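Trainee: You'll find final_39.tsv just under this line, and it carries TSV, C-alpha atoms.
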```tsv
chain	number	residue	atom	x	y	z
T	355	MET	CA	-33.46	-105.36	38.94
T	356	ARG	CA	-32.47	-102.42	36.78
T	357	GLN	CA	-30.61	-103.14	33.58
T	358	PHE	CA	-28.92	-100.79	31.15
T	359	LEU	CA	-27.89	-101.68	27.66
T	360	VAL	CA	-25.56	-99.27	25.88
T	361	LEU	CA	-24.76	-99.59	22.20
T	362	GLY	CA	-21.13	-98.74	21.45
T	363	HIS	CA	-21.13	-98.14	17.73
T	364	ASP	CA	-17.45	-97.39	17.29
T	365	ALA	CA	-16.25	-99.31	20.31
T	366	PRO	CA	-13.20	-101.53	20.10
T	367	THR	CA	-13.71	-105.28	19.93
T	368	ASP	CA	-10.11	-106.18	20.71
T	369	PRO	CA	-7.96	-105.10	23.63
T	370	ASP	CA	-5.40	-103.31	21.50
T	371	PHE	CA	-6.26	-99.77	22.61
T	372	SER	CA	-4.40	-97.27	24.74
T	373	LEU	CA	-5.69	-96.19	28.14
T	374	ASP	CA	-4.11	-92.78	27.42
T	375	ASP	CA	-6.61	-91.97	24.66
T	376	LEU	CA	-10.03	-93.38	25.49
T	377	PRO	CA	-11.98	-91.00	23.23
T	378	GLY	CA	-9.71	-92.08	20.38
T	379	ALA	CA	-10.47	-95.74	21.18
T	380	GLY	CA	-13.98	-95.64	19.72
T	381	ARG	CA	-15.24	-93.47	22.58
T	382	VAL	CA	-14.63	-96.05	25.26
T	383	ASP	CA	-14.72	-93.10	27.67
T	384	VAL	CA	-18.50	-92.79	27.16
T	385	LEU	CA	-19.02	-96.47	27.85
T	386	CYS	CA	-16.90	-96.35	31.00
T	387	ARG	CA	-18.88	-93.42	32.38
T	388	CYS	CA	-22.05	-95.39	31.65
T	389	VAL	CA	-20.75	-98.33	33.70
T	390	THR	CA	-19.98	-96.21	36.73
T	391	ALA	CA	-23.26	-94.28	36.43
T	392	ALA	CA	-25.14	-97.58	36.31
T	393	LEU	CA	-23.42	-99.30	39.22
T	394	LEU	CA	-21.79	-96.88	41.63
T	395	LEU	CA	-23.17	-94.96	44.55
T	396	SER	CA	-21.08	-92.75	46.78
T	397	HIS	CA	-19.12	-95.27	48.85
T	398	GLY	CA	-21.33	-98.10	47.64
T	399	ILE	CA	-22.57	-100.13	44.74
T	400	ARG	CA	-26.01	-100.68	43.25
T	401	GLU	CA	-26.18	-104.42	43.76
T	402	ASP	CA	-29.50	-104.75	41.97
T	403	ALA	CA	-28.20	-103.23	38.74
T	404	ARG	CA	-26.52	-104.63	35.65
T	405	ILE	CA	-25.10	-103.00	32.56
T	406	TRP	CA	-24.37	-104.47	29.15
T	407	LEU	CA	-22.01	-102.76	26.74
T	408	VAL	CA	-22.72	-103.97	23.22
T	409	LEU	CA	-19.51	-103.48	21.27
T	410	GLY	CA	-20.08	-103.53	17.54
T	411	ASP	CA	-22.26	-106.28	16.09
T	412	SER	CA	-21.51	-109.36	18.05
T	413	LEU	CA	-19.66	-108.80	21.29
T	414	SER	CA	-20.82	-107.60	24.67
T	415	VAL	CA	-19.38	-106.98	28.11
T	416	ARG	CA	-21.65	-107.27	31.12
T	417	PHE	CA	-20.99	-105.77	34.56
T	418	GLU	CA	-22.97	-107.18	37.48
T	419	GLY	CA	-23.54	-104.85	40.42
T	420	SER	CA	-23.97	-107.83	42.73
T	421	ALA	CA	-20.60	-109.34	41.90
T	422	VAL	CA	-18.27	-106.71	40.47
T	423	ARG	CA	-15.05	-105.97	42.37
T	424	ARG	CA	-12.38	-103.35	41.84
T	425	LEU	CA	-14.74	-101.00	39.98
T	426	ASN	CA	-13.59	-97.45	40.63
T	427	PRO	CA	-15.30	-94.23	39.57
T	428	ASP	CA	-12.64	-93.08	37.11
T	429	GLU	CA	-12.71	-93.79	33.39
T	430	ARG	CA	-9.24	-95.21	33.03
T	431	SER	CA	-9.56	-98.03	35.56
T	432	THR	CA	-12.98	-98.96	34.15
T	433	ALA	CA	-11.49	-99.00	30.66
T	434	ALA	CA	-8.84	-101.39	31.97
T	435	LEU	CA	-11.64	-103.78	33.02
T	436	VAL	CA	-13.14	-103.52	29.52
T	437	ARG	CA	-9.74	-104.21	28.01
T	438	THR	CA	-9.27	-107.27	30.19
T	439	ALA	CA	-12.70	-108.50	29.12
T	440	LEU	CA	-11.78	-108.07	25.46
T	441	ALA	CA	-8.52	-109.93	26.02
T	442	GLU	CA	-10.62	-112.89	27.20
T	443	ARG	CA	-13.04	-112.84	24.29
T	444	GLU	CA	-11.65	-116.05	22.80
T	445	GLU	CA	-12.81	-117.83	25.97
T	446	ALA	CA	-16.43	-116.93	25.19
T	447	ILE	CA	-17.84	-119.60	22.92
T	448	GLY	CA	-21.29	-119.34	21.38
T	449	HIS	CA	-23.42	-117.54	23.90
T	450	ILE	CA	-21.45	-118.84	26.87
T	451	ASP	CA	-19.94	-116.03	28.95
T	452	ALA	CA	-16.36	-115.79	30.08
T	453	GLU	CA	-15.75	-114.02	33.41
T	454	SER	CA	-12.72	-111.81	32.86
T	455	SER	CA	-12.69	-110.11	36.28
T	456	PRO	CA	-15.02	-110.63	39.25
T	457	GLY	CA	-18.49	-109.66	38.05
T	458	VAL	CA	-17.38	-108.74	34.52
T	459	PHE	CA	-18.34	-111.07	31.67
T	460	VAL	CA	-17.64	-111.09	27.95
T	461	SER	CA	-19.84	-112.90	25.48
T	462	ARG	CA	-20.45	-113.17	21.75
T	463	ARG	CA	-23.83	-111.54	21.88
T	464	GLY	CA	-24.93	-108.65	19.70
T	465	LEU	CA	-27.93	-106.43	20.40
T	466	GLU	CA	-30.62	-108.99	19.61
T	467	ALA	CA	-29.06	-111.75	21.71
T	468	VAL	CA	-28.56	-109.32	24.60
T	469	LEU	CA	-32.20	-108.26	24.40
T	470	ASP	CA	-33.20	-111.92	24.66
T	471	GLU	CA	-30.87	-112.38	27.61
T	472	THR	CA	-32.09	-109.33	29.55
T	473	ALA	CA	-35.56	-110.83	29.45
T	474	GLU	CA	-34.35	-114.23	30.63
T	475	ARG	CA	-32.41	-112.79	33.53
T	476	VAL	CA	-35.42	-111.43	35.37
T	477	SER	CA	-38.25	-113.62	36.58
T	478	GLY	CA	-41.64	-112.54	35.34
T	479	LYS	CA	-42.40	-109.33	33.47
T	480	HIS	CA	-39.69	-106.86	32.55
T	481	THR	CA	-40.09	-103.58	30.71
T	482	LEU	CA	-37.89	-102.67	27.79
T	483	VAL	CA	-37.51	-98.89	27.72
T	484	THR	CA	-35.68	-97.20	24.87
T	485	LEU	CA	-34.30	-93.81	25.88
T	486	HIS	CA	-34.63	-91.40	23.00
T	487	GLU	CA	-35.13	-87.69	22.54
T	488	ASN	CA	-38.41	-88.29	20.69
T	489	GLY	CA	-39.90	-90.47	23.41
T	490	THR	CA	-42.74	-89.84	25.86
T	491	PRO	CA	-41.67	-87.82	28.94
T	492	ILE	CA	-40.71	-90.32	31.64
T	493	THR	CA	-42.97	-88.48	34.06
T	494	ALA	CA	-45.96	-89.48	31.92
T	495	VAL	CA	-45.36	-93.23	31.96
T	496	ASP	CA	-45.86	-95.68	34.80
T	497	VAL	CA	-42.79	-96.62	36.78
T	498	PRO	CA	-41.51	-99.62	34.85
T	499	THR	CA	-41.17	-103.08	36.39
T	500	ASP	CA	-37.66	-104.52	36.15
T	501	PRO	CA	-36.69	-101.96	33.54
T	502	VAL	CA	-34.13	-102.54	30.82
T	503	PHE	CA	-33.08	-99.13	29.55
T	504	VAL	CA	-31.54	-99.12	26.08
T	505	LEU	CA	-29.32	-96.20	25.10
T	506	SER	CA	-26.99	-95.30	22.33
T	507	ASP	CA	-23.48	-93.91	22.81
T	508	HIS	CA	-22.61	-90.62	21.09
T	509	ARG	CA	-24.24	-91.82	17.83
T	510	GLU	CA	-27.87	-92.30	16.82
T	511	PHE	CA	-29.33	-95.79	16.72
T	512	THR	CA	-28.77	-97.32	13.28
T	513	GLU	CA	-31.84	-98.01	11.16
T	514	ARG	CA	-31.62	-101.71	11.93
T	515	GLU	CA	-31.30	-101.09	15.67
T	516	ALA	CA	-34.19	-98.61	15.61
T	517	GLU	CA	-36.41	-101.16	13.86
T	518	LEU	CA	-35.51	-103.91	16.30
T	519	LEU	CA	-36.10	-101.62	19.27
T	520	ALA	CA	-39.40	-100.35	17.89
T	521	GLU	CA	-40.54	-103.94	17.63
T	522	ARG	CA	-39.31	-105.06	21.05
T	523	SER	CA	-39.67	-101.99	23.28
T	524	ASP	CA	-42.54	-101.50	25.69
T	525	GLU	CA	-41.88	-97.78	25.95
T	526	ARG	CA	-39.87	-95.09	24.21
T	527	VAL	CA	-39.09	-92.46	26.80
T	528	ARG	CA	-37.26	-89.19	27.17
T	529	LEU	CA	-35.94	-87.94	30.49
T	530	GLY	CA	-36.34	-84.20	30.09
T	531	PRO	CA	-36.33	-81.36	27.61
T	532	GLU	CA	-32.54	-81.41	27.14
T	533	ARG	CA	-30.54	-83.96	25.15
T	534	LEU	CA	-28.28	-85.71	27.62
T	535	HIS	CA	-25.12	-87.73	27.29
T	536	ALA	CA	-25.75	-91.46	27.74
T	537	ASN	CA	-24.07	-91.58	31.15
T	538	HIS	CA	-26.04	-88.59	32.40
T	539	ALA	CA	-29.23	-90.27	31.16
T	540	ILE	CA	-28.42	-93.34	33.24
T	541	THR	CA	-27.93	-91.19	36.34
T	542	VAL	CA	-31.27	-89.47	35.77
T	543	ALA	CA	-33.07	-92.76	35.15
T	544	HIS	CA	-31.73	-94.14	38.43
T	545	ASN	CA	-32.84	-91.03	40.31
T	546	TYR	CA	-36.27	-91.23	38.73
T	547	LEU	CA	-36.62	-94.78	40.00
T	548	ASP	CA	-35.02	-93.97	43.37
T	549	THR	CA	-37.59	-91.24	43.98
T	550	ALA	CA	-40.61	-92.97	42.43
T	551	GLY	CA	-43.49	-92.85	44.83
T	552	LEU	CA	-42.07	-89.89	46.74
T	553	GLU	CA	-44.15	-86.75	46.61
T	554	ARG	CA	-42.97	-84.32	43.92
T	555	TYR	CA	-43.81	-80.79	43.03
B	464	MET	CA	-27.99	-68.94	35.82
B	465	ARG	CA	-27.10	-72.22	37.53
B	466	GLN	CA	-23.87	-72.37	39.46
B	467	PHE	CA	-22.10	-75.32	41.04
B	468	LEU	CA	-19.37	-75.08	43.61
B	469	VAL	CA	-17.38	-78.22	44.32
B	470	LEU	CA	-14.94	-78.46	47.19
B	471	GLY	CA	-11.87	-80.47	46.27
B	472	HIS	CA	-10.34	-81.32	49.62
B	473	ASP	CA	-7.31	-83.23	48.40
B	474	ALA	CA	-7.08	-81.54	45.02
B	475	PRO	CA	-3.74	-80.43	43.65
B	476	THR	CA	-2.92	-76.73	43.74
B	477	ASP	CA	0.02	-76.94	41.36
B	478	PRO	CA	0.16	-78.43	37.86
B	479	ASP	CA	2.66	-81.10	38.73
B	480	PHE	CA	0.36	-84.09	38.42
B	481	SER	CA	0.13	-86.87	35.87
B	482	LEU	CA	-2.82	-87.23	33.52
B	483	ASP	CA	-2.24	-90.99	33.73
B	484	ASP	CA	-3.34	-91.20	37.36
B	485	LEU	CA	-6.11	-88.71	38.06
B	486	PRO	CA	-7.47	-90.53	41.14
B	487	GLY	CA	-3.93	-90.43	42.56
B	488	ALA	CA	-3.79	-86.67	41.91
B	489	GLY	CA	-6.10	-85.78	44.80
B	490	ARG	CA	-9.12	-87.22	43.02
B	491	VAL	CA	-9.00	-84.75	40.16
B	492	ASP	CA	-11.10	-87.32	38.29
B	493	VAL	CA	-14.12	-86.47	40.48
B	494	LEU	CA	-13.71	-82.76	39.82
B	495	CYS	CA	-13.41	-83.31	36.06
B	496	ARG	CA	-16.61	-85.34	35.97
B	497	CYS	CA	-18.30	-82.54	37.90
B	498	VAL	CA	-17.22	-80.01	35.28
B	499	THR	CA	-18.63	-82.02	32.39
B	500	ALA	CA	-21.82	-82.84	34.30
B	501	ALA	CA	-22.31	-79.13	35.00
B	502	LEU	CA	-21.65	-77.82	31.51
B	503	LEU	CA	-22.15	-80.44	28.81
B	504	LEU	CA	-25.23	-81.60	26.99
B	505	SER	CA	-25.20	-84.16	24.23
B	506	HIS	CA	-23.72	-82.23	21.31
B	507	GLY	CA	-24.10	-78.96	23.17
B	508	ILE	CA	-23.20	-76.86	26.15
B	509	ARG	CA	-25.22	-75.39	28.99
B	510	GLU	CA	-24.41	-71.75	28.33
B	511	ASP	CA	-26.25	-70.54	31.40
B	512	ALA	CA	-24.18	-72.64	33.79
B	513	ARG	CA	-20.94	-72.09	35.66
B	514	ILE	CA	-18.85	-74.32	37.88
B	515	TRP	CA	-16.22	-73.43	40.48
B	516	LEU	CA	-13.71	-75.98	41.68
B	517	VAL	CA	-12.34	-74.88	45.03
B	518	LEU	CA	-8.91	-76.49	45.35
B	519	GLY	CA	-7.67	-76.55	48.90
B	520	ASP	CA	-7.98	-73.40	50.98
B	521	SER	CA	-7.27	-70.55	48.63
B	522	LEU	CA	-7.38	-71.41	44.96
B	523	SER	CA	-10.26	-71.93	42.58
B	524	VAL	CA	-10.82	-72.71	38.93
B	525	ARG	CA	-13.99	-71.48	37.27
B	526	PHE	CA	-15.48	-72.84	34.03
B	527	GLU	CA	-18.01	-70.65	32.23
B	528	GLY	CA	-20.55	-72.44	30.04
B	529	SER	CA	-21.02	-69.30	27.98
B	530	ALA	CA	-17.36	-69.01	27.06
B	531	VAL	CA	-15.61	-72.33	27.47
B	532	ARG	CA	-14.01	-73.91	24.40
B	533	ARG	CA	-12.36	-77.28	23.86
B	534	LEU	CA	-14.22	-78.89	26.75
B	535	ASN	CA	-14.67	-82.56	25.93
B	536	PRO	CA	-16.63	-85.14	27.90
B	537	ASP	CA	-13.66	-87.27	28.96
B	538	GLU	CA	-11.81	-86.86	32.24
B	539	ARG	CA	-8.31	-86.64	30.88
B	540	SER	CA	-8.82	-83.67	28.56
B	541	THR	CA	-10.75	-81.83	31.28
B	542	ALA	CA	-7.90	-82.52	33.71
B	543	ALA	CA	-5.54	-81.00	31.15
B	544	LEU	CA	-7.60	-77.78	31.30
B	545	VAL	CA	-7.35	-77.82	35.11
B	546	ARG	CA	-3.60	-78.36	34.85
B	547	THR	CA	-3.25	-75.45	32.46
B	548	ALA	CA	-5.22	-73.28	34.88
B	549	LEU	CA	-2.93	-74.28	37.74
B	550	ALA	CA	0.11	-73.49	35.63
B	551	GLU	CA	-1.24	-69.93	35.30
B	552	ARG	CA	-1.96	-69.45	38.99
B	553	GLU	CA	0.88	-66.97	39.42
B	554	GLU	CA	-0.97	-64.68	37.01
B	555	ALA	CA	-3.91	-64.44	39.40
B	556	ILE	CA	-3.20	-61.64	41.85
B	557	GLY	CA	-5.47	-60.93	44.80
B	558	HIS	CA	-8.96	-61.78	43.67
B	559	ILE	CA	-8.26	-60.93	40.04
B	560	ASP	CA	-8.83	-63.89	37.74
B	561	ALA	CA	-6.43	-65.16	35.12
B	562	GLU	CA	-7.99	-66.77	32.03
B	563	SER	CA	-5.93	-69.86	31.31
B	564	SER	CA	-7.98	-71.21	28.38
B	565	PRO	CA	-11.09	-69.75	26.78
B	566	GLY	CA	-13.76	-69.68	29.48
B	567	VAL	CA	-11.51	-71.16	32.19
B	568	PHE	CA	-10.28	-68.88	34.98
B	569	VAL	CA	-8.02	-69.38	37.95
B	570	SER	CA	-8.15	-67.16	41.01
B	571	ARG	CA	-6.87	-67.01	44.58
B	572	ARG	CA	-10.25	-67.47	46.14
B	573	GLY	CA	-11.10	-70.03	48.79
B	574	LEU	CA	-14.60	-71.13	49.70
B	575	GLU	CA	-15.69	-67.93	51.44
B	576	ALA	CA	-14.49	-65.63	48.63
B	577	VAL	CA	-16.13	-67.86	46.04
B	578	LEU	CA	-19.41	-67.75	47.96
B	579	ASP	CA	-19.21	-63.95	47.91
B	580	GLU	CA	-18.47	-64.00	44.19
B	581	THR	CA	-21.32	-66.35	43.24
B	582	ALA	CA	-23.72	-63.85	44.79
B	583	GLU	CA	-22.16	-60.93	42.94
B	584	ARG	CA	-22.31	-62.65	39.59
B	585	VAL	CA	-26.09	-62.86	39.43
B	586	SER	CA	-28.30	-59.83	39.47
B	587	GLY	CA	-30.90	-59.88	42.20
B	588	LYS	CA	-31.69	-62.82	44.44
B	589	HIS	CA	-29.81	-66.08	44.23
B	590	THR	CA	-30.33	-69.19	46.29
B	591	LEU	CA	-27.46	-70.98	47.96
B	592	VAL	CA	-28.30	-74.68	48.14
B	593	THR	CA	-26.01	-77.07	49.97
B	594	LEU	CA	-26.39	-80.63	48.71
B	595	HIS	CA	-26.12	-83.01	51.61
B	596	GLU	CA	-27.48	-86.42	52.54
B	597	ASN	CA	-29.20	-84.97	55.63
B	598	GLY	CA	-30.98	-82.22	53.71
B	599	THR	CA	-34.66	-81.74	52.89
B	600	PRO	CA	-35.82	-83.73	49.82
B	601	ILE	CA	-35.45	-81.47	46.79
B	602	THR	CA	-39.02	-82.27	45.81
B	603	ALA	CA	-40.22	-80.57	49.01
B	604	VAL	CA	-38.56	-77.20	48.39
B	605	ASP	CA	-39.49	-74.51	45.90
B	606	VAL	CA	-37.54	-74.44	42.67
B	607	PRO	CA	-34.63	-72.17	43.57
B	608	THR	CA	-33.97	-68.89	41.77
B	609	ASP	CA	-30.48	-68.63	40.28
B	610	PRO	CA	-29.29	-71.55	42.36
B	611	VAL	CA	-25.74	-72.05	43.57
B	612	PHE	CA	-25.36	-75.71	44.49
B	613	VAL	CA	-22.51	-76.47	46.87
B	614	LEU	CA	-21.14	-80.00	46.96
B	615	SER	CA	-18.22	-81.80	48.42
B	616	ASP	CA	-15.94	-84.18	46.51
B	617	HIS	CA	-15.47	-87.69	47.91
B	618	ARG	CA	-14.98	-86.31	51.44
B	619	GLU	CA	-17.38	-84.81	53.96
B	620	PHE	CA	-17.45	-81.06	54.45
B	621	THR	CA	-14.94	-80.04	57.12
B	622	GLU	CA	-16.32	-78.60	60.34
B	623	ARG	CA	-15.32	-75.09	59.28
B	624	GLU	CA	-16.96	-75.49	55.86
B	625	ALA	CA	-20.10	-76.93	57.41
B	626	GLU	CA	-20.37	-73.96	59.78
B	627	LEU	CA	-19.87	-71.44	57.00
B	628	LEU	CA	-22.42	-73.20	54.80
B	629	ALA	CA	-24.94	-73.48	57.63
B	630	GLU	CA	-24.65	-69.73	58.09
B	631	ARG	CA	-24.82	-68.79	54.42
B	632	SER	CA	-27.11	-71.40	52.82
B	633	ASP	CA	-30.74	-70.77	52.03
B	634	GLU	CA	-31.49	-74.49	51.78
B	635	ARG	CA	-29.87	-77.79	52.63
B	636	VAL	CA	-31.22	-80.32	50.19
B	637	ARG	CA	-30.90	-83.97	49.27
B	638	LEU	CA	-31.69	-85.31	45.83
B	639	GLY	CA	-33.02	-88.74	46.65
B	640	PRO	CA	-32.77	-91.63	49.06
B	641	GLU	CA	-29.40	-92.82	47.75
B	642	ARG	CA	-26.02	-91.21	48.41
B	643	LEU	CA	-24.70	-90.05	45.05
B	644	HIS	CA	-21.28	-89.16	43.76
B	645	ALA	CA	-20.85	-85.40	43.36
B	646	ASN	CA	-20.95	-85.55	39.55
B	647	HIS	CA	-24.10	-87.67	39.59
B	648	ALA	CA	-25.68	-85.17	42.00
B	649	ILE	CA	-24.98	-82.34	39.54
B	650	THR	CA	-26.65	-84.30	36.74
B	651	VAL	CA	-29.72	-84.93	38.89
B	652	ALA	CA	-29.91	-81.28	40.01
B	653	HIS	CA	-29.84	-80.15	36.38
B	654	ASN	CA	-32.59	-82.59	35.46
B	655	TYR	CA	-34.67	-81.46	38.41
B	656	LEU	CA	-34.43	-77.88	37.16
B	657	ASP	CA	-34.88	-78.90	33.51
B	658	THR	CA	-38.14	-80.61	34.34
B	659	ALA	CA	-39.41	-78.14	36.95
B	660	GLY	CA	-42.96	-77.17	36.15
B	661	LEU	CA	-43.56	-80.28	34.04
B	662	GLU	CA	-46.21	-82.60	35.35
B	663	ARG	CA	-44.78	-85.47	37.38
B	664	TYR	CA	-46.20	-88.63	38.84
```
Give the structure from the file, written as structure tokens.
Mentor:
Amino acid sequence: MRQFLVLGHDAPTDPDFSLDDLPGAGRVDVLCRCVTAALLLSHGIREDARIWLVLGDSLSVRFEGSAVRRLNPDERSTAALVRTALAEREEAIGHIDAESSPGVFVSRRGLEAVLDETAERVSGKHTLVTLHENGTPITAVDVPTDPVFVLSDHREFTEREAELLAERSDERVRLGPERLHANHAITVAHNYLDTAGLERY
Amino acid sequence: MRQFLVLGHDAPTDPDFSLDDLPGAGRVDVLCRCVTAALLLSHGIREDARIWLVLGDSLSVRFEGSAVRRLNPDERSTAALVRTALAEREEAIGHIDAESSPGVFVSRRGLEAVLDETAERVSGKHTLVTLHENGTPITAVDVPTDPVFVLSDHREFTEREAELLAERSDERVRLGPERLHANHAITVAHNYLDTAGLERY
């Protein structure tokens, strides 16, 4: 199981945003590209992948590769799924999820609660990997078991997030010499895992 | 110089499409994601990169990393640049480009003319690399010099395209065991080149 956890610092927490201006809606466009990078293959889906969007302090939307339906590659239709999830947020009570569309769940979990949950949702050891430009090159760390990759949107991690991640992470990793957008980082992380064990130059 | 050439089989060739339904506009959404994957870094641009969108048989739009302005990561604003380019297509005469926005050019070139042009625009040897699921693993080929990666949108190459590419390509390469969307393939190709020469497991 591969999990991705993306922190949406400016992301909307209610469904009152326009699909015609996703960048203006707290950069929902970034989050939508992360969802499709995490779950979609060409003409297929990564069934063994999951992505959590943490929206602000205490709300998250989870997409399950094994169960999601009607996920298309474009930003707008993915944003519509996020909006539907936010419209159902009153149905999520405590840490109980509400399923807003097939395979899409909203819950009242912030970063810390999602970190707890990512660990619970895999049996045995998982590896929490924070993706960050100051991390160790991914090529110099062992291929992680049941990785949970944590990324930030277009902003840096806040001080509080950085502290929590420093405490909880098994690895802090960078994917290459260039600073990548979050969605591009997800694509590269998948490819790294897809090709792990293959001979490389 | 890294160049990407994406064949948009159903792509519009006039600007009469709605920004509210990019998938319905001949999958312009795919092409827009390819442009941003080819040219954007987090808070920066890949100045030594160029992408050609070949739209139908005889029109292409070229984005220059070294000159492009107002390129944002979201699909809709990129589609607006494509639309502006198509609105200027009457200004492109023969193989002479028209610059529709800073760093964005429209010309009456189909695949074959674009292939000729990619070769002319680098000094010395360049390597034409067709990305295809039946290719050699990228890890088993030498790092290409001034690569031109050719990809198809959501459709297969047509028979005529496949023949032309078989004749002209130096390599036919695949990026991993999974079939990737064209934009994800561009991201992986960049990372492969970014990390070439670095030690890998």
Trainee: Select residues of chain B: the criterion is any atom within 6 Å of an atom of chain T, counting only C-alpha atoms; output as a PyMOL selection string.
Mentor: chain B and resi 504-505+602+639+642-644+651+658+663-664
Trainee: What separation in Å, quoted to one decimal, exists between atom CA of T:Leu482 and atom CA of T:Arg522?
Mentor: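 Computing the Euclidean distance for atom CA of T:Leu482 and atom CA of T:Arg522 yields 7.3 Å.
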Trainee: As a PyMOL selection string, please: the residues near stretch 454-471 of chain T (cut-off 7 Å, only C-alpha atoms, same-chain neighbours under 3 positions excluded).
Mentor: chain T and resi 408+411-418+421-423+438-439+442-443+446+448-451+474-475
Trainee: For atom CA of B:Ala501 and atom CA of T:Ala433, determine how far apart the two atoms are, in Å to one decimal place.
Mentor: 23.0 Å
Trainee: Env of T:Gly419: 7 Å cut, atoms = all atoms listed in the file, seq-sep filter 6 positions within chain, self excluded. Answer as a list in words.
Mentor: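 In the requested format, the answer is Leu393, Ile399, Arg400, Glu401, Asp402, Ala403 and Arg404 of chain T.
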Trainee: Residues at most 8 Å from stretch 483-488 of chain T, counting all atoms listed in the file, excluding those fewer than 2 positions away in the same chain, as a list in words?
Mentor: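 Here the answer would be Thr481, Thr490, Pro501, Val502, Phe503, Val504, Leu505, Leu519, Ser523, Asp524, Glu525, Arg526, Val527, Arg528, Leu529 and Arg533 of chain T.
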Trainee: Atom CA of T:Gly362 and atom CA of T:Leu409 are how many Å apart?
Mentor: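 Distance reported for this atom pair: 5.0 Å.
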Trainee: With the input short on atoms, add N, CA and C atoms back to stretch 448-464 of chain T and write it as an mmCIF file, in the coordinates of the input.
Mentor:
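Produced file part38.cif, reproduced below:
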```cif
data_model
loop_
_atom_site.group_PDB
_atom_site.id
_atom_site.type_symbol
_atom_site.label_atom_id
_atom_site.label_comp_id
_atom_site.auth_asym_id
_atom_site.auth_seq_id
_atom_site.Cartn_x
_atom_site.Cartn_y
_atom_site.Cartn_z
ATOM 1 N N GLY T 448 -19.844 -119.419 21.567
ATOM 2 C CA GLY T 448 -21.290 -119.340 21.380
ATOM 3 C C GLY T 448 -21.823 -118.239 22.275
ATOM 4 N N HIS T 449 -22.878 -118.535 22.993
ATOM 5 C CA HIS T 449 -23.420 -117.540 23.900
ATOM 6 C C HIS T 449 -22.990 -117.782 25.350
ATOM 7 N N ILE T 450 -21.935 -118.575 25.513
ATOM 8 C CA ILE T 450 -21.450 -118.840 26.870
ATOM 9 C C ILE T 450 -20.493 -117.713 27.276
ATOM 10 N N ASP T 451 -20.763 -117.137 28.452
ATOM 11 C CA ASP T 451 -19.940 -116.030 28.950
ATOM 12 C C ASP T 451 -18.573 -116.491 29.420
ATOM 13 N N ALA T 452 -17.619 -115.585 29.364
ATOM 14 C CA ALA T 452 -16.360 -115.790 30.080
ATOM 15 C C ALA T 452 -16.237 -114.672 31.108
ATOM 16 N N GLU T 453 -15.896 -115.023 32.348
ATOM 17 C CA GLU T 453 -15.750 -114.020 33.410
ATOM 18 C C GLU T 453 -14.293 -113.548 33.406
ATOM 19 N N SER T 454 -14.089 -112.315 33.039
ATOM 20 C CA SER T 454 -12.720 -111.810 32.860
ATOM 21 C C SER T 454 -12.170 -111.165 34.130
ATOM 22 N N SER T 455 -13.040 -110.641 34.955
ATOM 23 C CA SER T 455 -12.690 -110.110 36.280
ATOM 24 C C SER T 455 -13.925 -110.408 37.127
ATOM 25 N N PRO T 456 -13.829 -110.322 38.446
ATOM 26 C CA PRO T 456 -15.020 -110.630 39.250
ATOM 27 C C PRO T 456 -16.206 -109.756 38.836
ATOM 28 N N GLY T 457 -17.280 -110.399 38.409
ATOM 29 C CA GLY T 457 -18.490 -109.660 38.050
ATOM 30 C C GLY T 457 -18.483 -109.028 36.678
ATOM 31 N N VAL T 458 -17.455 -109.282 35.890
ATOM 32 C CA VAL T 458 -17.380 -108.740 34.520
ATOM 33 C C VAL T 458 -17.304 -109.916 33.550
ATOM 34 N N PHE T 459 -18.193 -109.915 32.564
ATOM 35 C CA PHE T 459 -18.340 -111.070 31.670
ATOM 36 C C PHE T 459 -18.299 -110.615 30.226
ATOM 37 N N VAL T 460 -17.636 -111.373 29.386
ATOM 38 C CA VAL T 460 -17.640 -111.090 27.950
ATOM 39 C C VAL T 460 -18.390 -112.212 27.252
ATOM 40 N N SER T 461 -19.156 -111.857 26.244
ATOM 41 C CA SER T 461 -19.840 -112.900 25.480
ATOM 42 C C SER T 461 -20.011 -112.464 24.026
ATOM 43 N N ARG T 462 -20.284 -113.431 23.179
ATOM 44 C CA ARG T 462 -20.450 -113.170 21.750
ATOM 45 C C ARG T 462 -21.913 -112.892 21.441
ATOM 46 N N ARG T 463 -22.433 -111.909 22.102
ATOM 47 C CA ARG T 463 -23.830 -111.540 21.880
ATOM 48 C C ARG T 463 -23.878 -110.146 21.280
ATOM 49 N N GLY T 464 -24.624 -109.978 20.227
ATOM 50 C CA GLY T 464 -24.930 -108.650 19.700
ATOM 51 C C GLY T 464 -26.221 -108.152 20.338
#
```
